[in-house]
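Report on the following structure.
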Amino acid sequence: MLELKVALRNLWRNKMYSLSNIVGLATGMGVYFVVLLYVYNERTYDCHIPSHKQIYRVQGQFDINGQKDQFASTGIGLGPLLKKEFSYINNYTRLRHIDENILFKSSYTKQYEGAVAVADSNFFQVFDIGLIAGDPGSCLSKPQSMVITESFAKKFFGDSKPLGQHISTNNYEYTVTGIIPDWPSNTHHKFSVLISAFLDPLNDTNYIKSLWKVYVHTFLKFDDQESADKLMMEFPVFYDRYMSDLGGHLGGNYQIQLARLDKIHFTENYDYDRPTGNRASLYIFSTIGMVILLLALINYVNMSTARGIKRAREISMRKVLGSPGNDIMSLIITESVVLSLLALFLAFVIVEVFLELSPLNSIVNKDLSLDFIAFPFLWWLPLLLALLVGIIGGLYPAFSLRRVPTLFAFNRIDRENSKTGIKVRKALVGFQCMISVAVVIAAVFMYRQMEYVNNKDLGFNREDILLVSVPDSITLKRIPELREKLAQSENVLASAMANSVLGNSTNKSLFDIQKENGRFERKVVDFMNVGKDYLRTMEIEMVEGMPFSSSGMLGNIYEPVIVNEMLVKEMKWDAPIGKKISWGFDREGVANYRGEVIGIVRNFNSHSLHENYEPMIIFYDEHFEGILHLRLKSNRLIEALNEVESSWVVVNPGSPFQFSFLNKDLKKLYEEEQKQSRLTLFLTYLTIFVSLLGVAGMASFTSGLRTKDIGVRKVLGANPLQLVNLVFSDMFMIVLLSVIIALPLSYLFIKTWLTNFAFIAAINSRVFWISAIIAILLIYLIVGYYTLKVLRTKPVETLKYD
Amino acid sequence: MIRLHHIIKYYRNQSIETCAVNELSLSVKQGEFVSVMGPSGCGKTTLLNIIGLLDNFDSGLYLFKGREVKNLTEKQKVRLRKQNIGFVFQNFNLLEDLTVYENIELPLTYLGFTSKQRREKVEQALNKVSLTSRKQYYPSQLSGGQQQKAAIARAIVANPSLILADEPTGNLDSYQGNAIMELLSHLNEAGTTVVMVTHSMNDAAYSQKVIRLMDGRIVSEKNVLHA
């Protein structure tokens, strides 16, 4: 008790020391807690769904002529057929996300909503989350039923009761039959609106036909893990029965994989998936969080030990007065633990304020909070951590001070003893420098890569492209009139329809493609349907042949087809123009459609820059629902947008004007990396802050120890620069060494991170050297500041005594 | 060489003002050996620091080699000091991390001598104090007397015209103390002016003039008779 009292008194007496130590440690702890919350959030995806360990998503891999493609979605018939075939499957349900902004209207408001999905009627029997209102068994059993989240209900119905009320879109009217709580941020398949679908079962023949067209997510519910394993074992039987026929004709094969619901978030490299997590970045963040905590702990130990030397006389006097060594150790450790607990309290305050006031949550798309009730580990883990930090932080100073000789109080400083301490502290500061330099270099490269991604020439001009959704055939019929009207405007330079948006999602299909020797090769290739002026609108360069004309079919048999350079390269064509392509296979594997290559375009990035150029086939087709692409005049965007909207309203009075800009949509492709880059940048600032605290502490301590040295040299005629260099020389070698270690470390890290991208910004060696020089200069400045502070002390005050 | 005229120096500590040097006037000629004596706190060291340009004074006139120093900038003082004055302290103030050789070499480095010039001068200084055999030792490996010899070598290595010694034998036994005093005496005989603060009558006996201070004033100034 006395120790606690003395410890508190000591901390209070040395307010500045205590405060800086507490703030430094609290910052480290705070960062660690934020990272802990983030990692916990990432690692507990979908764990809030009670049956998450029984629900598996069916994923599949197609292998066509050795070309493997993985999909997170399946054919619509896979679920029902599997259930029929394997009785040990408890249940199945299907979900399909509609990734479009849809205008919803209630009696209260009308607003766009993008998170819309359709599902089987038994969705909430598989995903057994509790409904706030409505019956989970029947809420999706009727057509045009709709289950909505709590915040969607609030938005569309205010305080009135939503159940039984109606919401309409342009085409349909729905009845609200259920309310669910908002999905936590760590939900992989989330939506605000779920509409009933797949209510009329198809016959087996249609289900079998659908197995090769993947567009729904199928979830299976098992009673146990063994059943899931059993299905994996027995799937070949299913394939033989239902899929091998067409598979044989197509020269393909299909194998399913089962991903348990709580593991889905980290199943990377599947097409048609929701944004997945990145395990590597999670490890990186965890490491950075721990490193920052470690840096703060190092500062803490450094400062405690440095202060210990000042306290040596006091400790020695205690020994003279009869205090045993253990007594002194427990006093120092008690002080350390008290300080650590205070830091823990401050860390909680910092985290709470930070999560509330900073944009971190919106940057990383999370809802992180210090919810002690929902996450009981937030109680015991930090407390344990604080106790550990306190004890570890106190142990080294306690041990070193315990060895202080009794006669210390009356003699000169035991230099050899304190020199060993200095070496340890120097090594610790060196470690901090190394981490800081490595983190800074990594952050610079991540930033450069994101800049590169946002500015790279994609093979088309992403700027000033307005995308307008054409959701139905009625609207589609009015598009020619709209385009004609807009052609009069000097603010709209070109326009064309396309069935998909570049970078977002292109379609894949099976094609027979003529080889140079005249034979055909079966391949899965990306394709898109575009209108006549698409290439001009997107400013995609033609390298050979001619663009589409409105004449359509070539000699009534062949459709005109344009391909990209990648396909030419892959097919090893010498004369691409005139090569034949066929597609649309029936059950016997006979192609229904034929096309002929009329032109080649320069490669363009139809996917994100995570993926390399893919072979691409472009069809001419004006008659489909999709997206109207409009190239606007750069400096007249607002006027042009207004013109397009007013023309739209005139031509399509009943249809909502849903638009976006292509360059903004493309940025969304790198959301995960942007998130990582921003988080890394944020952690970098903190790492630098904590490291500089350490360097400042060390510089202050070293220059303090050198007070006499500096005094003597000053008397002997040294100038300030020579003295700053002297103190810096103490740290220079360790700083240099840490920089040398940091360079390859950061290189390895950045190399690993960049493997996510097919297109990367050049790794410029200048960044390494400049970062290293800046780090050394910064440390020099800090050392200079503290040395000059000591220099201001008159030498006569320092020379007299040791 | 040194002329102090009505020098006043106060130490101010919050509300207390202490007059450390009070209207003190003194002159020291080139080649003189002057001892300053007096009880603790009488202002001896303050006087030495003022003479050595390490401390400022509040009023009065100080001429060093005929040059008024009161209004010199810090830079000018540093230059004057490093070209003309060598310091010897009671606690030696050798730098623990440097060898004897490096300690002695240090003032020459700051004066911009070349490596060859430095080597010659350091060897000469080491010879003068008979410490050549210990030049690669660290201060902690030397006896107190040897450390003080090294400090003296450092003080004289740049051939200063003035040596200021603050209780140079204070930390030494009588045998080592006598050796140091012999050394200072020889230096003085060779033409170096020495101003020494001491408590020891024995040490003072080596000087030509003894000044006694009391409360910052000179209370007596006597020439020492040598047999």
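FYI, nothing fancy with the structure tokens labels: chains A, B, ... in order, residues from 1 per chain, ligands from 1 as they appear.
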
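Near A:Leu258, within a cut-off of 8 Å and counting only C-alpha atoms, sit the residues Tyr56, Arg57, Val58, Gln59, Ala228 and Met232 of chain A, with same-chain residues fewer than 3 positions away left out.
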
Sorted per-residue table, chain A near chain B, closest atoms and distance, 6 Å, only C-alpha atoms, as a tab-separated table:
```
residue	atom	partner	partner_atom	distance
A:Leu716	CA	B:Pro107	CA	5.3
A:Gly717	CA	B:Lys82	CA	5.3
A:Ala718	CA	B:Tyr110	CA	5.6
```

Filtering to C-alpha atoms, could you give me those residues as a compact mmCIF listing (two decimals), in the first residue's frame?
```txt
# COMPACT_ATOMS: atom_id res chain seq x y z
CA LEU A 716 38.01 24.34 -25.49
CA GLY A 717 36.50 26.27 -28.40
CA ALA A 718 34.04 23.92 -30.11
```

Correct to one decimal, the distance atom CA of A:Ser330-atom CA of A:Val690 is 27.7 Å

Can you pull out the residues contacting A:Phe219? Cut-off 9 Å, using only C-alpha atoms, and skip same-chain residues under 3 positions away; I want them as a list in words.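 The neighbour list is Ile55, Tyr56, Arg57, Val58, Gly79, Asn91, Tyr92, Thr93, Arg94, Leu95, Val126 and Leu261 of chain A.
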
Among stretch 498-616 of chain A, which ones does DSSP place in alpha helix (DSSP H), written as a PyMOL selection string? chain A and resi 534-538+565-571

Taking only C-alpha atoms into account, which of A:Trp753, A:Tyr593, A:Phe732, A:Phe520 comes nearest A:Met450?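 Of A:Trp753, A:Tyr593, A:Phe732, A:Phe520, the one nearest A:Met450 is A:Trp753, counting only C-alpha atoms.
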
Using DSSP secondary structure from the backbone, list all strand (DSSP E or B) positions within stretch 13-152 of chain B, as a ChimeraX atom specification. /B:13,16-28,33-37,59-64,67-68,85-88

For B:Gly144, work out the shell of residues within 8 Å, counting only C-alpha atoms and skipping chain neighbours fewer than 6 positions away, then give it as a ChimeraX atom specification. /B:171-172,176

Save out the residues we just selected, N, CA and C atoms, as an mmCIF file, in the first residue's frame.
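To be explicit, this is the file written out as selection27.cif:
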```cif
data_model
loop_
_atom_site.group_PDB
_atom_site.id
_atom_site.type_symbol
_atom_site.label_atom_id
_atom_site.label_comp_id
_atom_site.auth_asym_id
_atom_site.auth_seq_id
_atom_site.Cartn_x
_atom_site.Cartn_y
_atom_site.Cartn_z
ATOM 1 N N ASN B 171 42.043 17.538 -5.783
ATOM 2 C CA ASN B 171 41.652 16.126 -5.733
ATOM 3 C C ASN B 171 42.865 15.187 -5.651
ATOM 4 N N LEU B 172 44.030 15.762 -5.315
ATOM 5 C CA LEU B 172 45.250 14.942 -5.353
ATOM 6 C C LEU B 172 45.892 14.833 -3.968
ATOM 7 N N GLN B 176 51.366 13.970 -5.344
ATOM 8 C CA GLN B 176 50.915 14.276 -6.712
ATOM 9 C C GLN B 176 50.698 15.777 -6.869
#
```

Contacts of B:Lys135 at 10 Å (only C-alpha atoms; same-chain gap of 3+ positions) as an NGL selection string: :B and (99-104 or 122-123 or 126 or 131-132 or 138-139 or 150)

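What separates atom CA of A:Asn592 from atom CA of A:Ile618 is a distance of 17.4 Å.
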
Work out how far apart atom CA of A:Val651 and atom CA of A:Val470 are and give it in Å to one decimal.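 Separation of atom CA of A:Val651 and atom CA of A:Val470: 12.6 Å.
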
Residues at most 7 Å from A:Leu37, counting only C-alpha atoms, excluding those fewer than 4 positions away in the same chain, as a list of chain:residue names?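 Contacts, with the query itself left out: A:Phe33, A:Asn41, A:Leu368.
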
Skip B:Asp215 itself and residues of its chain fewer than 3 positions away, then list as an NGL selection string all residues within 7 Å of it, counting only C-alpha atoms. :B and (20 or 42-43)
